[in-house]
Amino acid sequence: MSDEARAVAREPRASQATGARCARAWEVLAGVLDPEVPVVSVVDLGIVRDVVEEGDALVVVVTPTYSGCPATEAIEQSIVAALADAGLGPIRIRMQRAPAWTSDWIGAEGREKLRAYGIAPPGPAGAAGEVTLRFVPRTVAPLACPRCESTNTERLAAFGATACKALWRCRACGEPFEHFKPI
Amino acid sequence: MPSTSSSIAVSSDPAVQYLLRIGDTCLIHAQRLGEWCGHAPIVEEDIALTNMALDLIGQARAVLTRAGTLEAALGGEPHDEDQLAFLRDERDFRNCTIAELPRGDFASTTVRNLALAVFFELLWERLAESTDEELAAIAGKAVKESRYHREHAADWVVRLGDGTVESAARMRAALDLLWPYVAEIFEADAIDEAAAAGGLGPRWADLQAPWRERIGAVLAAAGLAMPAERAFRSTGKTGRHSEHLGYVLAEMQFLQRAYPGGVW
């Protein structure tokens, strides 16, 4: 990740203060939930990168989480509908691929919401190029169970019910749980 | 006979062709992975294979969209992702042949997954530095996904290669079956040269050495030998495909061919 991208990661709401309409939009967006994990908002997930006024339109800059995430279009529609309902229209969505979304953009509040919902939040994704080529043998670092907090857990499957999750099980309390993948 | 072809004519520009090779290999590989939906040996693997297919379709959509806008930028007729996916005939597809081969048994799918995931990981790493900003942005996202695909495939190759007598025999058979189609991926030609010269992307031939190194590490851990190189060369990247691609397209394109312009 470039230094510039890191700066964006730390301060995703750089232009938040530009005008009451944008500030109001951020408040509304904090209530637009991810359709597949309906406890975290699009702001919690870090996929809303910016809100700017261009002419009479309010432009929401959105970065997709996964290339094939089927929720992307639904999320965009929810954003447009919520902002229009709040009287902030007309709304435009601008899709921005770079810098690529990373689970590191999920803030502390978002992580706590995930955990409370029963999804173990992601650990650090690591910058591109720093990822060890872990071919084999490979062990997966233990995760804390979001229900009982035991770290006596195991990964059942690397892929889960949505593109962003893996499936785990807690050996202590016996419950299966989902893990939001670090990427 | 009346001419009723609804097929589109695609630009022969090298940059467009280079992008089609990437997008089409993602797309056709995804179609084959999708065939496992409801048929994988265990439910977790059913989900994993279709998750990977979903990533690949997302990557294909982005790259084909870029190819279509580039056609327009070059003064040709623009095409969108759907036209490129659904309204081209076999000879206009530019995927590597290995992606279109029947999915075979689970060993076959596993070997192909590893071969292509390692290849794509190397390719996206390089494309992230493309002079084409859109392609670089697509690659920046895709490379993270391909790492997951490669890890998953490598886990299975080791588990099956170093597994039972039966699983090891199946893996050896899968390697023998698929290996002749690997050479095509790295076969150099003018399209690769043009892409490298213009900074669009790497010569795929330059990815062969690191590919062999990474694959070699997995096969060694799996107790499997890398098959010897043979003279046979498949040619899907240039539009001359195996007999299998037509069947993939017949299924994938049926709806748009039968109901042109149909939408949800």
# chains A, B, ... in the order shown; residues from 1 in each chain; ligands from 1
>>> interface_residues(of="chain B", to="chain A", cutoff="8 Å", atoms="only C-alpha atoms", output="ChimeraX atom specification")
/B:44-45,47-48,51,54-59,62,134,137-138,140-142,144-145,151-152,154-155,158,217-218,221
>>> select_by_dssp(residues="range 62-157 of chain B", states="alpha helix (DSSP H)", output="MDAnalysis selection string")
chainID B and resid 62:73 81:86 97:100 106:127 133:157
>>> residues_around(residues="Ala116 in chain A", least_positions_apart="3", cutoff="12 Å", atoms="only C-alpha atoms", output="list of chain:residue names")
A:Val37, A:Val39, A:Val40, A:Glu109, A:Gly110, A:Arg111, A:Glu112, A:Lys113, A:Ile119, A:Ala120, A:Pro121, A:Cys145, A:Pro146, A:Arg147, A:Cys148, A:Glu149, A:Phe177, A:Glu178
>>> residues_around(residues="Ile191 in chain B", least_positions_apart="5", cutoff="10 Å", atoms="only C-alpha atoms", output="ChimeraX atom specification")
/B:12-18,21,196-197,203,238
>>> residues_around(residues="Arg212 in chain B", least_positions_apart="6", cutoff="10 Å", atoms="only C-alpha atoms", output="JSON list (two decimals) with N, CA, C and O atoms, in the first residue's frame")
[["chain", "number", "residue", "atom", "x", "y", "z"],
["B", 115, "ALA", "N", -2.93, -24.28, -10.76],
["B", 115, "ALA", "CA", -2.18, -23.75, -11.91],
["B", 115, "ALA", "C", -2.63, -22.34, -12.24],
["B", 115, "ALA", "O", -1.81, -21.44, -12.45],
["B", 118, "VAL", "N", -2.06, -19.59, -9.18],
["B", 118, "VAL", "CA", -0.67, -19.13, -9.08],
["B", 118, "VAL", "C", -0.36, -18.20, -10.26],
["B", 118, "VAL", "O", 0.27, -17.15, -10.10],
["B", 119, "PHE", "N", -0.84, -18.59, -11.43],
["B", 119, "PHE", "CA", -0.63, -17.73, -12.60],
["B", 119, "PHE", "C", -1.27, -16.36, -12.40],
["B", 119, "PHE", "O", -0.64, -15.32, -12.61],
["B", 218, "VAL", "N", 4.74, -26.43, -4.01],
["B", 218, "VAL", "CA", 3.51, -27.11, -3.58],
["B", 218, "VAL", "C", 3.58, -28.60, -3.94],
["B", 218, "VAL", "O", 3.27, -29.47, -3.13],
["B", 226, "MET", "N", 6.59, -32.87, -10.92],
["B", 226, "MET", "CA", 6.14, -32.01, -12.00],
["B", 226, "MET", "C", 6.34, -32.77, -13.32],
["B", 226, "MET", "O", 7.44, -33.23, -13.60]]
>>> closest_residue(among="B:Leu101, B:Ala85, B:Val63, B:Leu178", to="Ile8 in chain B", atoms="only C-alpha atoms")
B:Ala85
>>> closest_residue(among="B:Glu193, B:Ala53, B:Val10, B:Trp179", to="Asp92 in chain B", atoms="only C-alpha atoms")
B:Val10
>>> residues_around(residues="Val48 in chain A", least_positions_apart="5", cutoff="7 Å", atoms="only C-alpha atoms", output="list in words")
Val42, Val43, Val60, Val61, Val62 and Thr63 of chain A
